[in-house]
Amino acid sequence: MTDQGMIGAVAVVGGGISGMQAALDLADSGFFVYLVEKTGAIGGAMPQYNKVFPTNDCAMCIISPKLVECGRHPNIRIMTLTTVVDINGRAGAFTVRVLEHPRYVDPAKCIACGQCSSHCPQSVDDSFNILMAERKAIYIKYPQAVPLKYQIDPQACLRLNQPGACGICAEICPPGAVDFADRGQEHNLRVGAVVMALGFQPFDPGKTRAWGYGLYPNVVTSLQFERFLSPGGPTGGALVRPSDHRPVQRMAFLQCVGSRDKNRCNNEYCSTVCCMSAVKEAMTVKEASPEVEVTIFYIDMRTPGKEFERYFEQARTEYGIRFVRSRVHGIEPKGQKGDLRLRYINAFGKQVEETVDLVVLSVGLETPDATVRLAEKIGIHMTPDRFASISAFAPVHTSLKGIFTCGAFNGPRDIPQAVIGGSAAAASVAALLHPVRHTLTRTLPPPPERDVSGQEPRIGVFVCHCGTNTAGVVDVDAVAAYAATLPQVAHVARNLFTCAQDTQDLMAQQIRENGLNRIVVASCTPRTHEPLFRKTLKSAGINEYLIEMANIRNQNAWVHSQEPAAATAKAKDLVRMAVAKVSRQTARKPLRIPIAPSVLVIGGGVAGMTSALNLAEQGYRIHLIEKTNQLGGNALHLYQTWSGENVPRFLKGLKEAVQQHPQIEVSYSSTVATVGGHVGDFTSLIRTGPNRKRTIDHGAVIIATGAKRYIPEEFEYGKIPKVVAAIEFDKLHMHNEARVANGKSFVFIQCVGSRNQQRPYCSKSCCTHSIQSAIKLKKEAPDRRIYILHREISTYGQRERIYNQAREMGIVFINYEQHGPPQIRKSDNNGGVLVEVWDHVLHRPLEIRADMVILATATLANPEAAALASMFKLPLNRDGFFQEAHAKLRPVEFHVDGVFVAGLAHYPKPLEESITQALAAAAKAGRLLARKEIAQEPTIALIDRQRCDDCALCVDVCPYQAIRLTEYKDQDGVVRKAVTVEHVACTGCGICQGTCPKRGIDVAGFTTAQIEVQIDAALAAAPMAEGAA
Amino acid sequence: MIYEAKVNELAEEFGVHRNTIRNWINSGVLPAQEGPGRRYLIQWEDYRRLCDKYGREPRFMPDPEARADAPAAPHSPAAPGQIPVRLDVRASALDASPGQINICLTCGSCAGACPISGVDGFDPRKIVRMAFLGLEDELTASGWQWKCTLCGKCEAVCPMKVEIVQLLRRIRARCDRDKVPAAIRKGVATCLEKGNNLGIPKDDFLALVRELGEELARTSCPGFVAPIDVRGARLLLTVNSKQPFAEPEAMTWWWKILHAAGESWTISSEYWEGINWGLHVGDYGAMRTIVKRIIDNIERLNCTALLLPECGHAYYATRYALERWFPEALQQFRIYTVFDLLLEYLNEGKIRLDPAVQTKLTTFHDSCYYGRHSVEAFGHGYFEEARALTRACCKRYVDLVPDREENYCCGSGSSAWADPYRVERVYHGRIKARQISASNARLVVTACLNCRDQIRYSLNSEFNLNVEVQFLWELVANALVMTPPAAMEARRD
């Protein structure tokens, strides 16, 4: 296709985390984005969650910066209360017809003062707090909503339902923003591509009375329970029974409500996220109230993600959460006081009855009917489970060219998978539309910056309540009052949520009005929030580095929640220290670095090839290096995806596309010998074969070095020839070798080398793989007896379909526990193998005469990862896989800029997840390269020429080789040596500063002088309670 | 070791009423000696046996230290003394239609829901598993199939819709005939041989009916004549042989309603039995024969509608057989449920009901065959109809929790009332008894003879329920506003 008529804009439909990520990646890659959201604010489901697994981060806290980033982005236009009516056109040039429903509040005028809401006489159920709290008819979705503009609920509003009634909001609104005459409007968006991130809805358990939902007040859904746990929720985070507000003492989680069920609902698939979500919620309960008895009732605990298994183990062993493998059939009330009775069958096969205070139904995820109808109208193919039908090989592509898809619309998934999908969709759009990149985007000139260097510090202190996160423990009023007494503090303000967009605007206004030139934000961690506040400083016209954060939440309120008085005193200390430090803060300028428009991709497996091909299609130059002499990696051993697609054929096509692409240069038998440089300007030495070396310059790196397989030591592997590993079995099966061809009885053993003490992680793809092999065997000869001995069957998502299929075909699944693995011995007579295993239902041992035993072996980290990690200064997790920057929101990035990871190098995963992640990594690299030039943090070591005597002690300790001793000639022509810092290589780690005996080198923003005043402030007399001083 | 226990402690432990414990002790199910202070002395071994019977962990061990050494979970293949089950290569004989039981997830929903899980090792999940793994002989010999009331609670909660009830029916059918409990085996034989389960002679039956009719005419329905073999009547009514045998006046409630409604109806002088135990013994030949007799009666008497008033299973078995073997007959006449017919009368104004007559707090117990089984087999369960009728006859109504599809069986369904497993039946009924007493209802209404007898005679005494139990038609008959014939005529004009 030519670029004639292509449009450099994209419609992203759905403003949840996946859509937001796609929008941000696209907008930063040179495309104008319409972010179409059906509710009044973006954010999707994530803001409703209290915490996220397995990091236990506060969900609102980590999504908030992204919300604000979307809200502020000059190339993202957020269209709220807007739904898609129809899509016409072709890839490159679509017309998206959307309907913007009336908000009845003019967003241009609304200042979100909240007076309307406080005067509104009409209260209705608050859907954000899921029927557990009320809101007014005029409302904002949640306090941190973006855009922070009020909206009127037309169903609830008195005036809209009866002309002439009420109307008080319009009367009192200071800017006169309320407009009852607002009408819906249709718009036609002209875009080159569409990303469908339509999201999910939680299953409604009220559809069947058995769950007691809606009948008994103490039965809540997992999403409601998130609101219970949330400090911003209806109970302010207190765990009490809805019926009588008594503290909860015994509670139970019921898994698979609305999932894996074709009787009470038609959701045969596994919802993927609920096991981990329940573990997380249970841990949150236990952290706050260790005395609460928490039980999770489940069929399989599916913990196949990275660090999930450890999290689960921790919940079981350290937190004392009870896990019972038994699905509870329903809930019955006990007595009149709200107690609930559960009856279940325990591990011994005995029926047990228990009474609990509270039941949490772990409800599944499903696609709303309206979404299904929209998909049908547009012509997007759907699966029988009512999700977008996607190929494993094109995991963010719908059946229509130019229309992409991500998030839970592609099947139930957790936040990282949604974020990865969003980025992957962005990469796919960028490949399609790259000829019209930067044709519709605009750049805002930076606001003029006030020079404050000569001025006395005028410090502004902003104290954040963080809802009740901080204010529930710390007396923020007292902290603010105390801050006002500190020297040079000119202005103090308190905010409910400092990171909310309206507060940011207010902050900028206060900085300008009060002529502030140093800012302290007493809130949370700079790791997640400093970039946001720095942008605010910028917009207020002062240098963005004149800020200091005092972490009075994570390091104070959260850890000292039992001692409010001491926590308040500590908050004052932290604020005093921050004020002292910020007074010595100086303006800095980011370093501008040009970016080389090429990428080094390490690893020629599917992930590496996918990244390479996408980036090449985006127009960048790619160096793909592969350590063996052929492309393909681990996928060379695969025959089909879980949905039965042919892998060898796909691989052949992908290899050819990579080999033939003019922008891709493939180096075989090659490895990275050394790496120099930094983001935008890496220089790597590539060793090819035994003696060829060459240097490559590149702007970014994608690590896709794959994984290797575990060679088992257990189950008589290597001793009995009929015991083989899965990968070997596939080969034998492929060639219909005699052992397979004549076999009548096959036993698969799962979790061989995985999920044990040595490797406490799930290898993710083995359950699916064994089931597929078993189905194939059974199809070839239906009289074959096939047994799968498993610990948990982890056929997450729509893979559940093949698990169901396997059982329907008569394949026997036997659940063994880690402490009672199957026993294997040679059969005395006919040369078979005897497998003895305890049956989890009969509670009796079973003996199976097997013709072959197939071991589903673990996937191990590539042992070469360690060397690569140390070269690039990247962390590995405890299992040897690359550790991404943030498990939830930065799943392919590292703290080292310009380096990305994809595929098995990150964690074991099936093919489509590798491909998605590879596309996501390509999106990140493409987004970087699209900017042509980047600004690097100037938090770097600077030499004080007055003090430095060029002793060069710092040169040796610098782990980044950023400090050198350079020779120069002085005025007299004498050759001298001087210590110099290569700014772009410096990461600001401060080792040099600690080493220097002369105070001759300082990290900007953390100078010795600053740290001194900070320490002095820390040691200064602690503020006493009033009256005691 | 001797173990001292109080009745109420044991009752709580086993989830039954104190009376049940006393009955166990009195009947020797639990050998115990009366001790001082209203306590009982029990041999630990006897207590242990009781725990085993009801699938419970003993709360006390003879040696308190022994517990600590017990395995955390029974998952060791090397368990001493256990001979492994050798899995056979052949397919299970019980697995008649692939996918029905194979699909089991082994999630345990059924076993958790079943009121008699644990009793003598009974466990629906285990039964499905054994059938799947080919242990059908062991299964057939277990006797579990007779202790199960086929109530279908297990199936209703199964996420995979495993047809557990069908499986148990197949196990019943597979049983050697001499292993079938005597009462129902003989009932079927007698019915085939003599036309009704109890072998009541034709003359005795006709005399009784005539006499009852005269009595009814005298007391409340002037001009009533019991219609026997009335050709051209619209509705054919069957009879449960237990009623003419044991409580003949129970038949007249229906007669009274039919009379009040001005129905044209009849009873056949032969083959009037509606009960069909062929369903319960798994003898489909017998089931078919009994239904065929009813069809013949309808044809002979030229009726256009059929009512089987006695019991949920009679309706279910007959309709099931009609749909399966005689679909053409269903074109000739309509089969009513008691609910359909009563609601029709009520809605068309043929009968009038006075709710003020019944002042007790009233509840309705859903029988499995009119409820879950009808939903499963015929696509509709008679939940709302039953409540509408009951509410029309009483002032105060309360639902049992749970009810409708989630209802618990009374404990005597599918021939259990007639079977010799009395203690199991009572134990099964403990949940029903608990539901009734939690509802505070003083009157329980049912539409099934088994449910009514179990609650009225067995649960009432075992669990001190002190509730009145009535048939739905008994309730309706008592609430009838009997309009004088003259007024009736006037109303029709």
# chains A, B, ... in the order shown; residues from 1 in each chain; ligands from 1

call {"tool": "select_by_dssp", "arguments": {"residues": "segment 136-361 of chain B", "states": "strand (DSSP E)", "output": "JSON, numbers by chain"}}
result
{"B": [235, 236, 237, 265, 266, 267, 305, 306, 307, 334, 335, 336, 361]}

call {"tool": "closest_atom_pairs", "arguments": {"of": "chain B", "to": "chain A", "cutoff": "6 Å", "atoms": "only C-alpha atoms", "output": "JSON lines"}}
result
{"residue": "B:Gly55", "atom": "CA", "partner": "A:Lys350", "partner_atom": "CA", "distance": 5.6}
{"residue": "B:His75", "atom": "CA", "partner": "A:Gly820", "partner_atom": "CA", "distance": 5.3}
{"residue": "B:Ser76", "atom": "CA", "partner": "A:Gly820", "partner_atom": "CA", "distance": 4.8}
{"residue": "B:Pro77", "atom": "CA", "partner": "A:Trp838", "partner_atom": "CA", "distance": 4.8}
{"residue": "B:Pro84", "atom": "CA", "partner": "A:Pro845", "partner_atom": "CA", "distance": 4.6}
{"residue": "B:Val85", "atom": "CA", "partner": "A:Leu846", "partner_atom": "CA", "distance": 4.6}
{"residue": "B:Arg86", "atom": "CA", "partner": "A:Glu847", "partner_atom": "CA", "distance": 4.8}
{"residue": "B:Leu87", "atom": "CA", "partner": "A:Ile848", "partner_atom": "CA", "distance": 5.7}
{"residue": "B:Gly99", "atom": "CA", "partner": "A:Glu808", "partner_atom": "CA", "distance": 4.4}
{"residue": "B:Asn102", "atom": "CA", "partner": "A:Glu808", "partner_atom": "CA", "distance": 5.3}
{"residue": "B:Ile103", "atom": "CA", "partner": "A:Glu808", "partner_atom": "CA", "distance": 4.9}
{"residue": "B:Cys107", "atom": "CA", "partner": "A:Ile299", "partner_atom": "CA", "distance": 5.3}
{"residue": "B:Gly108", "atom": "CA", "partner": "A:Ser326", "partner_atom": "CA", "distance": 5.3}
{"residue": "B:Ser109", "atom": "CA", "partner": "A:His329", "partner_atom": "CA", "distance": 4.8}
{"residue": "B:Ala111", "atom": "CA", "partner": "A:Ile345", "partner_atom": "CA", "distance": 5.9}
{"residue": "B:Gly112", "atom": "CA", "partner": "A:Tyr344", "partner_atom": "CA", "distance": 3.9}
{"residue": "B:Ala113", "atom": "CA", "partner": "A:His329", "partner_atom": "CA", "distance": 5.9}
{"residue": "B:Lys126", "atom": "CA", "partner": "A:Leu842", "partner_atom": "CA", "distance": 5.8}
{"residue": "B:Val157", "atom": "CA", "partner": "A:His329", "partner_atom": "CA", "distance": 5.7}
{"residue": "B:Pro159", "atom": "CA", "partner": "A:Asp261", "partner_atom": "CA", "distance": 4.4}
{"residue": "B:Met160", "atom": "CA", "partner": "A:Lys262", "partner_atom": "CA", "distance": 5.7}
{"residue": "B:Lys161", "atom": "CA", "partner": "A:Asn263", "partner_atom": "CA", "distance": 5.8}

call {"tool": "residues_around", "arguments": {"residues": "Arg404 of chain B", "least_positions_apart": "2", "cutoff": "6 Å", "atoms": "only C-alpha atoms", "output": "count of residues only"}}
result
3

call {"tool": "select_by_dssp", "arguments": {"residues": "segment 160-268 of chain B", "states": "helix (DSSP H, G or I)", "output": "count of residues only"}}
result
63

call {"tool": "residues_around", "arguments": {"residues": "Ala233 of chain B", "least_positions_apart": "5", "cutoff": "7 Å", "atoms": "only C-alpha atoms", "output": "PyMOL selection string"}}
result
chain B and resi 264-266+303

call {"tool": "write_last_selection", "arguments": {"atoms": "N, CA and C atoms", "output": "PDB file, in the first residue's frame"}}
result
ATOM      1  N   SER B 264     -65.224 -32.319  34.490  1.00  0.00           N
ATOM      2  CA  SER B 264     -65.724 -33.598  33.996  1.00  0.00           C
ATOM      3  C   SER B 264     -64.566 -34.576  34.073  1.00  0.00           C
ATOM      4  N   TRP B 265     -64.654 -35.517  34.986  1.00  0.00           N
ATOM      5  CA  TRP B 265     -63.490 -36.375  35.252  1.00  0.00           C
ATOM      6  C   TRP B 265     -63.901 -37.792  35.570  1.00  0.00           C
ATOM      7  N   THR B 266     -62.915 -38.652  35.638  1.00  0.00           N
ATOM      8  CA  THR B 266     -63.207 -40.050  35.964  1.00  0.00           C
ATOM      9  C   THR B 266     -61.987 -40.776  36.509  1.00  0.00           C
ATOM     10  N   CYS B 303     -60.806 -39.944  27.096  1.00  0.00           N
ATOM     11  CA  CYS B 303     -60.479 -38.722  27.840  1.00  0.00           C
ATOM     12  C   CYS B 303     -59.537 -37.869  27.003  1.00  0.00           C
TER      13      CYS B 303
END

call {"tool": "residues_around", "arguments": {"residues": "segment 273-275 of chain A", "least_positions_apart": "5", "cutoff": "8 Å", "atoms": "only C-alpha atoms", "output": "list in words"}}
result
Gln255, Cys256, Met301, Arg302, Thr303, Ser362, Val363, Gly364, Pro412, Arg413 and Asp414 of chain A

call {"tool": "write_last_selection", "arguments": {"atoms": "N, CA and C atoms", "output": "mmCIF file, in the first residue's frame"}}
result
data_model
loop_
_atom_site.group_PDB
_atom_site.id
_atom_site.type_symbol
_atom_site.label_atom_id
_atom_site.label_comp_id
_atom_site.auth_asym_id
_atom_site.auth_seq_id
_atom_site.Cartn_x
_atom_site.Cartn_y
_atom_site.Cartn_z
ATOM 1 N N GLN A 255 -13.671 -19.335 44.602
ATOM 2 C CA GLN A 255 -13.094 -19.124 43.268
ATOM 3 C C GLN A 255 -14.022 -19.654 42.180
ATOM 4 N N CYS A 256 -13.727 -19.254 40.967
ATOM 5 C CA CYS A 256 -14.455 -19.752 39.791
ATOM 6 C C CYS A 256 -15.951 -19.475 39.867
ATOM 7 N N MET A 301 -5.337 -23.755 41.822
ATOM 8 C CA MET A 301 -4.755 -22.436 42.041
ATOM 9 C C MET A 301 -3.862 -22.161 40.841
ATOM 10 N N ARG A 302 -4.300 -21.275 40.000
ATOM 11 C CA ARG A 302 -3.550 -21.029 38.773
ATOM 12 C C ARG A 302 -2.646 -19.822 38.974
ATOM 13 N N THR A 303 -1.370 -20.112 39.102
ATOM 14 C CA THR A 303 -0.386 -19.072 39.382
ATOM 15 C C THR A 303 0.734 -19.159 38.362
ATOM 16 N N SER A 362 -15.115 -14.689 43.929
ATOM 17 C CA SER A 362 -14.108 -14.285 42.946
ATOM 18 C C SER A 362 -14.741 -14.374 41.569
ATOM 19 N N VAL A 363 -15.336 -13.276 41.153
ATOM 20 C CA VAL A 363 -16.130 -13.308 39.931
ATOM 21 C C VAL A 363 -15.249 -13.215 38.684
ATOM 22 N N GLY A 364 -15.693 -13.899 37.655
ATOM 23 C CA GLY A 364 -14.932 -13.951 36.412
ATOM 24 C C GLY A 364 -15.100 -12.698 35.571
ATOM 25 N N PRO A 412 -9.556 -13.033 28.882
ATOM 26 C CA PRO A 412 -9.265 -12.538 30.226
ATOM 27 C C PRO A 412 -7.761 -12.487 30.492
ATOM 28 N N ARG A 413 -7.286 -11.376 31.061
ATOM 29 C CA ARG A 413 -5.855 -11.248 31.335
ATOM 30 C C ARG A 413 -5.614 -10.229 32.424
ATOM 31 N N ASP A 414 -4.415 -10.272 32.972
ATOM 32 C CA ASP A 414 -4.087 -9.375 34.071
ATOM 33 C C ASP A 414 -3.497 -8.075 33.534
#

call {"tool": "closest_residue", "arguments": {"among": "B:Met482, B:Ile431, B:Phe205, B:Ile184", "to": "Lys350 of chain B", "atoms": "only C-alpha atoms"}}
result
B:Met482

call {"tool": "atom_distance", "arguments": {"atom1": "atom CA of Arg927 of chain A", "atom2": "atom CA of Leu198 of chain A"}}
result
23.5 Å

call {"tool": "atom_distance", "arguments": {"atom1": "atom CA of Asn742 of chain A", "atom2": "atom CA of Gln640 of chain A"}}
result
23.2 Å

call {"tool": "residues_around", "arguments": {"residues": "segment 974-984 of chain A", "least_positions_apart": "5", "cutoff": "10 Å", "atoms": "only C-alpha atoms", "output": "MDAnalysis selection string"}}
result
chainID A and resid 591:593 677:681 936:943 945 948:955 960:969 1001

call {"tool": "write_last_selection", "arguments": {"atoms": "C-alpha atoms", "output": "PDB file, in the first residue's frame"}}
result
ATOM      1  CA  LEU A 591      21.112  16.351  28.625  1.00  0.00           C
ATOM      2  CA  ARG A 592      19.969  16.124  25.050  1.00  0.00           C
ATOM      3  CA  ILE A 593      21.212  13.037  23.285  1.00  0.00           C
ATOM      4  CA  GLY A 677      27.615   3.702  25.393  1.00  0.00           C
ATOM      5  CA  HIS A 678      24.175   4.494  26.585  1.00  0.00           C
ATOM      6  CA  VAL A 679      20.608   4.993  25.479  1.00  0.00           C
ATOM      7  CA  GLY A 680      20.506   6.412  21.970  1.00  0.00           C
ATOM      8  CA  ASP A 681      24.142   5.694  21.359  1.00  0.00           C
ATOM      9  CA  GLN A 936      18.454  12.355  29.816  1.00  0.00           C
ATOM     10  CA  GLU A 937      18.195  12.982  33.502  1.00  0.00           C
ATOM     11  CA  PRO A 938      20.894  15.402  34.599  1.00  0.00           C
ATOM     12  CA  THR A 939      21.204  13.574  37.894  1.00  0.00           C
ATOM     13  CA  ILE A 940      24.851  12.955  37.193  1.00  0.00           C
ATOM     14  CA  ALA A 941      28.235  13.422  38.817  1.00  0.00           C
ATOM     15  CA  LEU A 942      29.751  16.873  38.408  1.00  0.00           C
ATOM     16  CA  ILE A 943      33.335  17.719  39.242  1.00  0.00           C
ATOM     17  CA  ARG A 945      37.338  21.919  39.871  1.00  0.00           C
ATOM     18  CA  CYS A 948      39.286  18.009  42.755  1.00  0.00           C
ATOM     19  CA  ASP A 949      42.984  17.203  42.705  1.00  0.00           C
ATOM     20  CA  ASP A 950      42.603  14.583  39.984  1.00  0.00           C
ATOM     21  CA  CYS A 951      43.663  11.781  42.271  1.00  0.00           C
ATOM     22  CA  ALA A 952      41.500   9.478  40.138  1.00  0.00           C
ATOM     23  CA  LEU A 953      40.196   7.360  43.007  1.00  0.00           C
ATOM     24  CA  CYS A 954      36.754   7.820  41.527  1.00  0.00           C
ATOM     25  CA  VAL A 955      37.819   6.429  38.163  1.00  0.00           C
ATOM     26  CA  TYR A 960      29.775   2.432  34.457  1.00  0.00           C
ATOM     27  CA  GLN A 961      33.203   3.510  33.245  1.00  0.00           C
ATOM     28  CA  ALA A 962      31.768   6.999  33.058  1.00  0.00           C
ATOM     29  CA  ILE A 963      34.718   8.687  34.751  1.00  0.00           C
ATOM     30  CA  ARG A 964      38.019   8.917  32.936  1.00  0.00           C
ATOM     31  CA  LEU A 965      41.354  10.462  33.456  1.00  0.00           C
ATOM     32  CA  THR A 966      41.908  12.511  30.340  1.00  0.00           C
ATOM     33  CA  GLU A 967      45.130  14.107  29.281  1.00  0.00           C
ATOM     34  CA  TYR A 968      45.245  17.700  28.241  1.00  0.00           C
ATOM     35  CA  LYS A 969      47.820  20.383  27.788  1.00  0.00           C
ATOM     36  CA  ILE A1001      32.712  15.325  42.924  1.00  0.00           C
TER      37      ILE A1001
END

call {"tool": "atom_distance", "arguments": {"atom1": "atom CA of Arg234 of chain B", "atom2": "atom CA of Leu279 of chain B"}}
result
27.4 Å

call {"tool": "residues_around", "arguments": {"residues": "segment 241-244 of chain A", "least_positions_apart": "4", "cutoff": "7 Å", "atoms": "only C-alpha atoms", "output": "list in words"}}
result
Pro217, Asn218, Val248, Gly338, Asp357 and Leu358 of chain A

call {"tool": "decode", "arguments": {"residues": "segment 29-42 of chain B", "atoms": "N, CA and C atoms", "output": "JSON list (two decimals), in the first residue's frame"}}
result
[["chain", "number", "residue", "atom", "x", "y", "z"],
["B", 29, "VAL", "N", -28.21, -48.41, 67.27],
["B", 29, "VAL", "CA", -27.28, -47.94, 66.23],
["B", 29, "VAL", "C", -26.01, -47.44, 66.92],
["B", 30, "LEU", "N", -26.20, -46.78, 68.05],
["B", 30, "LEU", "CA", -25.07, -46.32, 68.85],
["B", 30, "LEU", "C", -25.19, -46.96, 70.23],
["B", 31, "PRO", "N", -24.44, -48.04, 70.44],
["B", 31, "PRO", "CA", -24.54, -48.71, 71.75],
["B", 31, "PRO", "C", -24.00, -47.77, 72.83],
["B", 32, "ALA", "N", -24.81, -47.49, 73.83],
["B", 32, "ALA", "CA", -24.38, -46.59, 74.90],
["B", 32, "ALA", "C", -25.09, -46.97, 76.19],
["B", 33, "GLN", "N", -24.45, -46.56, 77.25],
["B", 33, "GLN", "CA", -24.96, -46.89, 78.56],
["B", 33, "GLN", "C", -25.29, -45.58, 79.24],
["B", 34, "GLU", "N", -26.41, -45.53, 79.93],
["B", 34, "GLU", "CA", -26.73, -44.27, 80.60],
["B", 34, "GLU", "C", -25.81, -44.07, 81.79],
["B", 35, "GLY", "N", -25.26, -42.91, 81.90],
["B", 35, "GLY", "CA", -24.37, -42.62, 83.02],
["B", 35, "GLY", "C", -24.98, -41.56, 83.89],
["B", 36, "PRO", "N", -24.25, -41.08, 84.86],
["B", 36, "PRO", "CA", -24.77, -40.06, 85.76],
["B", 36, "PRO", "C", -24.89, -38.70, 85.04],
["B", 37, "GLY", "N", -25.80, -37.89, 85.51],
["B", 37, "GLY", "CA", -25.91, -36.50, 85.04],
["B", 37, "GLY", "C", -26.27, -36.40, 83.57],
["B", 38, "ARG", "N", -27.22, -37.20, 83.11],
["B", 38, "ARG", "CA", -27.74, -37.17, 81.74],
["B", 38, "ARG", "C", -26.63, -37.33, 80.71],
["B", 39, "ARG", "N", -25.65, -38.09, 81.09],
["B", 39, "ARG", "CA", -24.58, -38.36, 80.14],
["B", 39, "ARG", "C", -24.65, -39.82, 79.72],
["B", 40, "TYR", "N", -23.98, -40.10, 78.65],
["B", 40, "TYR", "CA", -23.92, -41.48, 78.19],
["B", 40, "TYR", "C", -22.48, -41.93, 78.13],
["B", 41, "LEU", "N", -22.30, -43.21, 78.42],
["B", 41, "LEU", "CA", -20.96, -43.78, 78.31],
["B", 41, "LEU", "C", -20.93, -44.61, 77.02],
["B", 42, "ILE", "N", -19.96, -44.28, 76.19],
["B", 42, "ILE", "CA", -19.89, -44.93, 74.88],
["B", 42, "ILE", "C", -18.50, -45.51, 74.72]]
